[in-house]
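Take a look at the structure set out below.
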Amino acid sequence: MKGAELVLKVLQQQGVDTIFGYPGGAIMPIYDAIYHSTVKHYLCRHEQGGAFSAIGYARASGKVGVCLATSGPGATNLITSLADALLDSVPLVAITGQVSQAVMGTDAFQEVDVLGLSLGVTKHSFMVRDVNELAHTLQEAFRLAQSGRPGPVLVDIPKDVQLAEVSEPEWPILPVARLATSLTNAAKARQLIAQAKKPIAYIGGGVQMADALAQLQAFLAESEMPSVTTLKGMGSVARANPHYLGMLGMHGTQAANLAVQQSDLLICLGARFDDRVTGKLDKFAPHAKVIHVDIDPAEINKVRFADCALLGDMKQILPAISTATQCADWLAHCQQLKQQYGWRYDHPGERIFAPLMLKQLSERMPDNSVVCCDVGQHQMWVAQHMRFNSPRNHLSSGGLGTMGFGLPAAIGAKLARPQDTVIAVSGDGSFMMNVQELGTIKRFRLQVKIVIIDNQRLGMVKQWQQLFFNERYSETDLSDNPDFVALAAAFAIPGHTITRKDEVASALEAMFSWPGPYLLHVRIDEKDNVWPLVPPGAANEDMLTETN
Amino acid sequence: MQHTLNITTRNEASVVERLLQVTRYRGYQLAGLAMTPLTDRAGLQITLTVQSDKPITLLTSQLVKLYDVQQLELASADVAVLRA
């Protein structure tokens with residue numbers, strides 16, 4: 001068989017049945033092999049969209065996402081998505097075609113040094129120079145993408161390697177490497193928890209990625225304490241848990257931020273003290289000792305000193321550090337914060353108030369729906385006002401903050417979980433960044449529901465211009481947006497525009513009852529901003545609200 | 001402060017680029033670099049000298065994660081094998 005056919009064989013061996021990509025000259029042998037393969041290829045309309053679909057597929061399913069691109073511009077178009085996967089620790093294998101080795105290094109047509117470009121945006125990248133190394137390299141890529149802290153791996157395959165003859169090797173599937181778990185510090189952690197008067201759990205995406213949600217609920221039940229989550233950790237804490245305070249950080253809830261600031265013990269579970277979480281670092285949780293649990297040793301002491309660190313499998317560590325707490329007063333205090341700073345949905349006038357609309361959407365959508373966001377004000381409103389029962393149901397570009405993520409990620413999520421409702425919530429700015437993927441939805445008749453929250457602005461940038469740049473609204477006016485409903489109609493996707501509060505309930509009903517993709521265009525007031533907000537350089541207790 | 005790292009890696013074409021990319025990105029200044037293939041040519045012995053006010057562990061913890069890095073030692077009085 002040819003190298004190209006071997007690529008498909010290895011994908012099948014790895015259990016891959018769904019891949020995303022876009023063909024071109026240097027990857028044509030692999031596309032020729034796809035023609036006869038049972039692996040289902042989904043043709044995207046831009047390589048970035050294909051890779052985001054693979055990321056959405058991976059994040060919604062827990063499997064490895066796979067995307068393909070040709071050399072040169074195909075490969076460079078993957079770079080943003082690889083960076084997104086690196087910062088959000090998503091297992092992704094990207095396969096790129098490369099020009100033949102005979103012309104490599106000569107600035108050949110569509111030749112680019114993708115291996116060099118990938119250095120800063122992948123966990124690792126391989127160049128396959130010998131067809132006899134192809135199967136093993138691909139298997140190693142899958143193993144590496146899933147091992148330890150997951151991440152993106154790129155495999156660049158020159159065209160001559162794809163065309164070379166190779167006998168089918170019998171490679172065993174390489175086991176995913178499990179980092180050894182050290183429980184040496186478990187006793188110290190239990191002691192810190194037992195002695196704490198004001199403990200709080202700070203939960204990131206790592207808990208779900210370790211498949212440790214059940215262990216988390218058990219830990220929070222035994223070690224009864226308040227909890228907060230990062231953007232990627234949302235959905236980790238069971239809805240029934242009365243001590244959950246919401247998201248912390250720049251646009252977190254006031255209760256979450258105040259509780260963390262007042263805590264005397266911060267138990268960081270699979271999170272990394274991102275600057276959007278901590279605000280001014282030296283004022284973050286200033287009275288708290290830190291227990292840091294993570295799978296990546298490089299995260300320990302990277303940003304915040306850990307008084308007690310535990311490395312390895314969260315599933316083993318959480319039961320080992322569970323211990324009873326004595327903090328009834330603290331729980332009552334946090335409950336009082338939660339009551340005092342609860343969301344308010346009273347909003348004057350007839351115009352649609354996005355937080356209320358998203359709350360209605362959250363209450364109306366089926367329980368196991370997947371919501372894929374873009375980046376900006378709507379993303380923060382989703383995080384604040386929608387509830388999820390798993391981080392796999394809330395796909396948001398956290399670390400890289402990539403506009404254009406939501407629509408293609410929703411495509412991947414829908415293909416991963418065809419029985420579940422998938423909703424792309426986007427803004428008018430973000431939506432246009434990968435709007436071409438409407439073509440993918442049309443081609444495969446994917447039942448993705450699209451909600452565009454349209455303020456005719458780059459809303460989050462505009463909000464910062466208003467607050468921190470003396471209202472100099474530089475290049476954030478999008479009032480010449482296209483007619484989004486007409487745009488959807490061009491892709492055979494029906495849609496509807498609403499502008500008034502009293503239209504929301506029936507519009508959501510129409511969207512969910514339509515047996516196919518649907519676009520709901522929601523016009524909101526450009527003056528609506530995201531509150532609360534921790535200004536850049538401020539401590540998390542210094543939140544701006546609409547009233548101050 | 002200056003630190004010298006003795007690193008054993010796979011003999012891959014991109015390995016020095018990877019080490020230098022991480023070193024630059026994490027904010028350490030390169031002060032010296034030497035590279036010798038091991039006798040079996042399957043690996044490389046690389047000596048990397050860097051300068052920074054940051055703790056050296058913030059760099060070594062990132063470098064040992066690299067796929068091609070097999071062993072990394074700090075060549076100082078408190079030599080520590082960070083990865084076997």
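Chain labels A, B, ... are given in the sequence in which chains occur in the structure tokens; within each chain residues are numbered consecutively from 1, and ligands are likewise numbered from 1 in the order shown.
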Residues of chain A within 12 Å of chain B, counting only C-alpha atoms, as a PyMOL selection string: chain A and resi 113-129+140-141+143-145+147-149+153+179+295-305
Keeping only N, CA and C atoms, write those residues as an mmCIF file, in the first residue's frame.
data_model
loop_
_atom_site.group_PDB
_atom_site.id
_atom_site.type_symbol
_atom_site.label_atom_id
_atom_site.label_comp_id
_atom_site.auth_asym_id
_atom_site.auth_seq_id
_atom_site.Cartn_x
_atom_site.Cartn_y
_atom_site.Cartn_z
ATOM 1 N N ASP A 113 7.643 26.382 5.928
ATOM 2 C CA ASP A 113 8.249 25.605 7.014
ATOM 3 C C ASP A 113 7.239 25.482 8.156
ATOM 4 N N VAL A 114 6.270 24.611 7.975
ATOM 5 C CA VAL A 114 5.207 24.506 8.984
ATOM 6 C C VAL A 114 5.747 23.926 10.286
ATOM 7 N N LEU A 115 6.765 23.082 10.192
ATOM 8 C CA LEU A 115 7.360 22.558 11.422
ATOM 9 C C LEU A 115 7.925 23.719 12.251
ATOM 10 N N GLY A 116 8.635 24.604 11.580
ATOM 11 C CA GLY A 116 9.179 25.771 12.290
ATOM 12 C C GLY A 116 8.071 26.656 12.839
ATOM 13 N N LEU A 117 7.022 26.880 12.026
ATOM 14 C CA LEU A 117 5.914 27.728 12.478
ATOM 15 C C LEU A 117 5.168 27.110 13.658
ATOM 16 N N SER A 118 5.199 25.791 13.719
ATOM 17 C CA SER A 118 4.387 25.117 14.738
ATOM 18 C C SER A 118 5.051 25.078 16.112
ATOM 19 N N LEU A 119 6.328 25.446 16.198
ATOM 20 C CA LEU A 119 7.064 25.229 17.450
ATOM 21 C C LEU A 119 6.368 25.839 18.661
ATOM 22 N N GLY A 120 5.870 27.047 18.516
ATOM 23 C CA GLY A 120 5.278 27.736 19.657
ATOM 24 C C GLY A 120 3.804 27.453 19.875
ATOM 25 N N VAL A 121 3.192 26.655 19.000
ATOM 26 C CA VAL A 121 1.739 26.459 19.104
ATOM 27 C C VAL A 121 1.340 24.990 19.179
ATOM 28 N N THR A 122 2.306 24.115 19.365
ATOM 29 C CA THR A 122 1.975 22.687 19.494
ATOM 30 C C THR A 122 2.690 22.105 20.700
ATOM 31 N N LYS A 123 2.170 20.962 21.126
ATOM 32 C CA LYS A 123 2.857 20.184 22.156
ATOM 33 C C LYS A 123 4.113 19.562 21.537
ATOM 34 N N HIS A 124 3.973 19.103 20.305
ATOM 35 C CA HIS A 124 5.108 18.617 19.531
ATOM 36 C C HIS A 124 4.692 18.575 18.067
ATOM 37 N N SER A 125 5.692 18.579 17.194
ATOM 38 C CA SER A 125 5.397 18.422 15.772
ATOM 39 C C SER A 125 6.431 17.499 15.146
ATOM 40 N N PHE A 126 5.952 16.675 14.236
ATOM 41 C CA PHE A 126 6.802 15.689 13.578
ATOM 42 C C PHE A 126 6.875 15.985 12.083
ATOM 43 N N MET A 127 8.029 15.694 11.493
ATOM 44 C CA MET A 127 8.157 15.638 10.036
ATOM 45 C C MET A 127 8.522 14.198 9.694
ATOM 46 N N VAL A 128 7.725 13.578 8.827
ATOM 47 C CA VAL A 128 7.976 12.178 8.475
ATOM 48 C C VAL A 128 8.806 12.152 7.194
ATOM 49 N N ARG A 129 10.029 11.674 7.286
ATOM 50 C CA ARG A 129 10.909 11.676 6.111
ATOM 51 C C ARG A 129 11.028 10.301 5.453
ATOM 52 N N GLU A 140 2.459 7.733 17.601
ATOM 53 C CA GLU A 140 3.101 8.528 18.648
ATOM 54 C C GLU A 140 2.380 9.873 18.799
ATOM 55 N N ALA A 141 1.927 10.433 17.678
ATOM 56 C CA ALA A 141 1.195 11.708 17.725
ATOM 57 C C ALA A 141 -0.097 11.551 18.533
ATOM 58 N N ARG A 143 -0.709 9.261 20.816
ATOM 59 C CA ARG A 143 -0.359 8.989 22.211
ATOM 60 C C ARG A 143 -0.006 10.293 22.919
ATOM 61 N N LEU A 144 0.793 11.098 22.235
ATOM 62 C CA LEU A 144 1.270 12.334 22.841
ATOM 63 C C LEU A 144 0.131 13.346 23.049
ATOM 64 N N ALA A 145 -0.780 13.414 22.065
ATOM 65 C CA ALA A 145 -1.890 14.372 22.158
ATOM 66 C C ALA A 145 -2.732 14.126 23.409
ATOM 67 N N SER A 147 -1.606 12.237 26.223
ATOM 68 C CA SER A 147 -0.839 11.907 27.429
ATOM 69 C C SER A 147 -0.663 13.127 28.322
ATOM 70 N N GLY A 148 -0.665 12.884 29.632
ATOM 71 C CA GLY A 148 -0.432 13.984 30.570
ATOM 72 C C GLY A 148 -1.426 15.105 30.316
ATOM 73 N N ARG A 149 -0.914 16.320 30.187
ATOM 74 C CA ARG A 149 -1.784 17.434 29.825
ATOM 75 C C ARG A 149 -2.010 17.371 28.321
ATOM 76 N N VAL A 153 -0.830 18.108 18.352
ATOM 77 C CA VAL A 153 0.388 17.555 17.755
ATOM 78 C C VAL A 153 0.230 17.629 16.242
ATOM 79 N N LEU A 179 0.930 10.011 33.823
ATOM 80 C CA LEU A 179 1.917 10.557 34.739
ATOM 81 C C LEU A 179 1.730 9.895 36.100
ATOM 82 N N ILE A 295 -1.938 18.144 36.605
ATOM 83 C CA ILE A 295 -1.215 17.049 35.948
ATOM 84 C C ILE A 295 0.092 17.549 35.345
ATOM 85 N N ASP A 296 0.218 18.863 35.231
ATOM 86 C CA ASP A 296 1.385 19.452 34.577
ATOM 87 C C ASP A 296 2.308 20.052 35.634
ATOM 88 N N PRO A 297 3.478 19.444 35.846
ATOM 89 C CA PRO A 297 4.396 19.966 36.877
ATOM 90 C C PRO A 297 4.791 21.423 36.620
ATOM 91 N N ALA A 298 4.797 21.825 35.348
ATOM 92 C CA ALA A 298 5.234 23.186 35.026
ATOM 93 C C ALA A 298 4.254 24.247 35.523
ATOM 94 N N GLU A 299 3.042 23.851 35.874
ATOM 95 C CA GLU A 299 2.072 24.831 36.380
ATOM 96 C C GLU A 299 2.274 25.141 37.866
ATOM 97 N N ILE A 300 2.963 24.227 38.562
ATOM 98 C CA ILE A 300 3.157 24.427 40.004
ATOM 99 C C ILE A 300 4.178 25.552 40.215
ATOM 100 N N ASN A 301 3.794 26.533 40.979
ATOM 101 C CA ASN A 301 4.651 27.696 41.293
ATOM 102 C C ASN A 301 4.950 28.573 40.077
ATOM 103 N N LYS A 302 4.288 28.348 38.950
ATOM 104 C CA LYS A 302 4.550 29.169 37.759
ATOM 105 C C LYS A 302 4.100 30.602 37.990
ATOM 106 N N VAL A 303 2.908 30.740 38.564
ATOM 107 C CA VAL A 303 2.326 32.071 38.760
ATOM 108 C C VAL A 303 2.124 32.367 40.241
ATOM 109 N N ARG A 304 1.652 31.359 40.981
ATOM 110 C CA ARG A 304 1.370 31.544 42.399
ATOM 111 C C ARG A 304 2.025 30.401 43.182
ATOM 112 N N PHE A 305 2.717 30.757 44.246
ATOM 113 C CA PHE A 305 3.390 29.751 45.064
ATOM 114 C C PHE A 305 2.354 28.798 45.672
#
Any idea what's packed within 9 Å of region 65-80 of chain A, counting only C-alpha atoms, ignoring anything in its chain fewer than 6 positions away? Could you give it as a ChimeraX atom specification? /A:11,16,18-28,46-59,90-99,109-114,117-118,121,156,158,400,402,412
Deliver the residues from the most recent selection as a file, using C-alpha atoms, as a compact mmCIF listing (two decimals), in the first residue's frame.
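Result file again13.txt:
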# COMPACT_ATOMS: atom_id res chain seq x y z
CA LEU A 11 -6.60 6.57 11.84
CA VAL A 16 -11.04 7.68 14.37
CA THR A 18 -14.56 11.54 11.77
CA ILE A 19 -12.00 13.96 10.35
CA PHE A 20 -12.15 17.57 9.16
CA GLY A 21 -10.13 19.17 6.43
CA TYR A 22 -9.58 20.84 3.10
CA PRO A 23 -7.66 19.31 0.19
CA GLY A 24 -4.83 20.78 -1.87
CA GLY A 25 -1.84 19.81 -3.98
CA ALA A 26 0.55 18.40 -1.41
CA ILE A 27 -2.06 16.32 0.40
CA MET A 28 -3.84 14.92 -2.66
CA HIS A 46 -11.37 27.13 5.49
CA GLU A 47 -8.65 25.18 7.26
CA GLN A 48 -9.07 27.25 10.42
CA GLY A 49 -12.75 26.28 10.46
CA GLY A 50 -11.86 22.63 9.95
CA ALA A 51 -9.42 22.65 12.85
CA PHE A 52 -11.92 24.43 15.12
CA SER A 53 -14.48 21.79 14.18
CA ALA A 54 -11.95 19.14 15.20
CA ILE A 55 -11.46 21.00 18.49
CA GLY A 56 -15.23 21.21 19.04
CA TYR A 57 -15.47 17.50 18.28
CA ALA A 58 -12.71 16.73 20.78
CA ARG A 59 -14.04 18.97 23.54
CA VAL A 90 -7.26 20.04 23.65
CA PRO A 91 -6.11 16.69 22.21
CA LEU A 92 -5.76 17.39 18.50
CA VAL A 93 -3.79 15.72 15.71
CA ALA A 94 -3.23 17.93 12.68
CA ILE A 95 -1.92 16.25 9.53
CA THR A 96 -0.42 18.49 6.86
CA GLY A 97 0.80 17.63 3.39
CA GLN A 98 4.24 18.94 2.53
CA VAL A 99 5.96 19.38 -0.82
CA PHE A 109 5.15 26.23 -4.75
CA GLN A 110 3.05 26.20 -1.57
CA GLU A 111 6.08 25.33 0.50
CA VAL A 112 6.26 26.75 3.99
CA ASP A 113 8.25 25.60 7.01
CA VAL A 114 5.21 24.51 8.98
CA LEU A 117 5.91 27.73 12.48
CA SER A 118 4.39 25.12 14.74
CA VAL A 121 1.74 26.46 19.10
CA ASP A 156 3.88 17.02 8.41
CA PRO A 158 5.90 15.19 2.36
CA LEU A 400 -6.43 32.15 23.30
CA THR A 402 -10.26 33.27 19.50
CA GLY A 412 -17.64 19.53 15.44
Gap from CA of Ile441 (chain A) to CA of Phe491 (chain A) - Å, one decimal: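 For CA of Ile441 (chain A) relative to CA of Phe491 (chain A), the distance reads 8.2 Å.
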Just checking: using only C-alpha atoms, which residue out of A:Pro319, A:Pro169, A:Gly3, A:Gly252 ends up closest to Gly342 (chain A)?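 Between A:Pro319, A:Pro169, A:Gly3, A:Gly252, the residue approaching Gly342 (chain A) most closely is A:Gly252.
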Per DSSP on the backbone, filter region 31-204 of chain A down to the residues in helix (DSSP H, G or I) and report them as a PyMOL selection string. chain A and resi 31-35+47-61+73-76+79-87+114-118+131-146+159-163+186-195
Selected residues, C-alpha atoms, written as a short mmCIF file (atom, residue, chain, number, x, y, z; two decimals), in the first residue's frame, please.
data_model
loop_
_atom_site.label_atom_id
_atom_site.label_comp_id
_atom_site.auth_asym_id
_atom_site.auth_seq_id
_atom_site.Cartn_x
_atom_site.Cartn_y
_atom_site.Cartn_z
CA TYR A 31 -7.43 12.68 -0.15
CA ASP A 32 -7.27 9.97 -2.81
CA ALA A 33 -7.07 7.41 -0.01
CA ILE A 34 -10.01 9.10 1.75
CA TYR A 35 -12.05 8.50 -1.40
CA GLU A 47 -8.65 25.18 7.26
CA GLN A 48 -9.07 27.25 10.42
CA GLY A 49 -12.75 26.28 10.46
CA GLY A 50 -11.86 22.63 9.95
CA ALA A 51 -9.42 22.65 12.85
CA PHE A 52 -11.92 24.43 15.12
CA SER A 53 -14.48 21.79 14.18
CA ALA A 54 -11.95 19.14 15.20
CA ILE A 55 -11.46 21.00 18.49
CA GLY A 56 -15.23 21.21 19.04
CA TYR A 57 -15.47 17.50 18.28
CA ALA A 58 -12.71 16.73 20.78
CA ARG A 59 -14.04 18.97 23.54
CA ALA A 60 -17.62 17.73 23.21
CA SER A 61 -16.65 14.05 23.11
CA PRO A 73 -1.46 28.35 3.06
CA GLY A 74 -3.41 25.29 4.19
CA ALA A 75 -0.88 24.69 6.91
CA THR A 76 -0.56 28.34 7.94
CA ILE A 79 -1.82 27.95 13.17
CA THR A 80 -4.50 29.90 15.10
CA SER A 81 -6.43 26.72 15.82
CA LEU A 82 -3.31 24.90 17.00
CA ALA A 83 -2.60 27.78 19.39
CA ASP A 84 -6.19 27.61 20.62
CA ALA A 85 -5.82 23.88 21.29
CA LEU A 86 -2.49 24.39 23.05
CA LEU A 87 -3.80 27.05 25.42
CA VAL A 114 5.21 24.51 8.98
CA LEU A 115 7.36 22.56 11.42
CA GLY A 116 9.18 25.77 12.29
CA LEU A 117 5.91 27.73 12.48
CA SER A 118 4.39 25.12 14.74
CA VAL A 131 7.47 6.03 4.88
CA ASN A 132 8.65 3.24 7.16
CA GLU A 133 8.38 5.66 10.09
CA LEU A 134 4.93 6.89 9.13
CA ALA A 135 2.71 4.52 11.14
CA HIS A 136 4.80 4.77 14.27
CA THR A 137 4.97 8.56 14.05
CA LEU A 138 1.21 8.89 13.68
CA GLN A 139 0.63 6.57 16.60
CA GLU A 140 3.10 8.53 18.65
CA ALA A 141 1.20 11.71 17.73
CA PHE A 142 -2.06 10.24 19.07
CA ARG A 143 -0.36 8.99 22.21
CA LEU A 144 1.27 12.33 22.84
CA ALA A 145 -1.89 14.37 22.16
CA GLN A 146 -3.66 12.50 24.98
CA LYS A 159 4.08 14.17 -0.79
CA ASP A 160 6.71 11.60 -1.78
CA VAL A 161 6.23 9.86 1.58
CA GLN A 162 2.48 9.74 0.94
CA LEU A 163 3.15 8.16 -2.46
CA ALA A 186 -2.03 14.26 50.62
CA ALA A 187 -1.74 14.22 54.41
CA LYS A 188 -0.48 17.80 54.41
CA ALA A 189 -3.36 18.80 52.14
CA ARG A 190 -5.89 17.15 54.42
CA GLN A 191 -4.36 18.93 57.38
CA LEU A 192 -4.58 22.32 55.61
CA ILE A 193 -8.21 21.67 54.69
CA ALA A 194 -9.14 20.49 58.19
CA GLN A 195 -7.53 23.55 59.78
#
Would you return as an NGL selection string the members of chain B that DSSP assigns to strand (DSSP E or B) on this structure's backbone? :B and (2-10 or 29-37 or 43-51 or 69-74 or 81-83)
Work out how far CA of Tyr202 (chain A) is from CA of Leu311 (chain A), in Å to one decimal. 16.2 Å
So which residues touch Gln45 (chain B) within 12 Å, counting only C-alpha atoms, skipping near sequence neighbours fewer than 3 positions away, as a PyMOL selection string? chain B and resi 5-12+15-16+33-42+48+68-73
Can you pull out the residues contacting region 530-539 of chain A? Cut-off 12 Å, using only C-alpha atoms, and skip same-chain residues under 4 positions away; I want them as a PyMOL selection string. chain A and resi 247-258+260-261+275-286+341-344+353-355+376-385+459-464+467-468+526+543-548
Students should find that CA of Thr181 (chain A) and CA of Gly270 (chain A) are spaced 14.0 Å
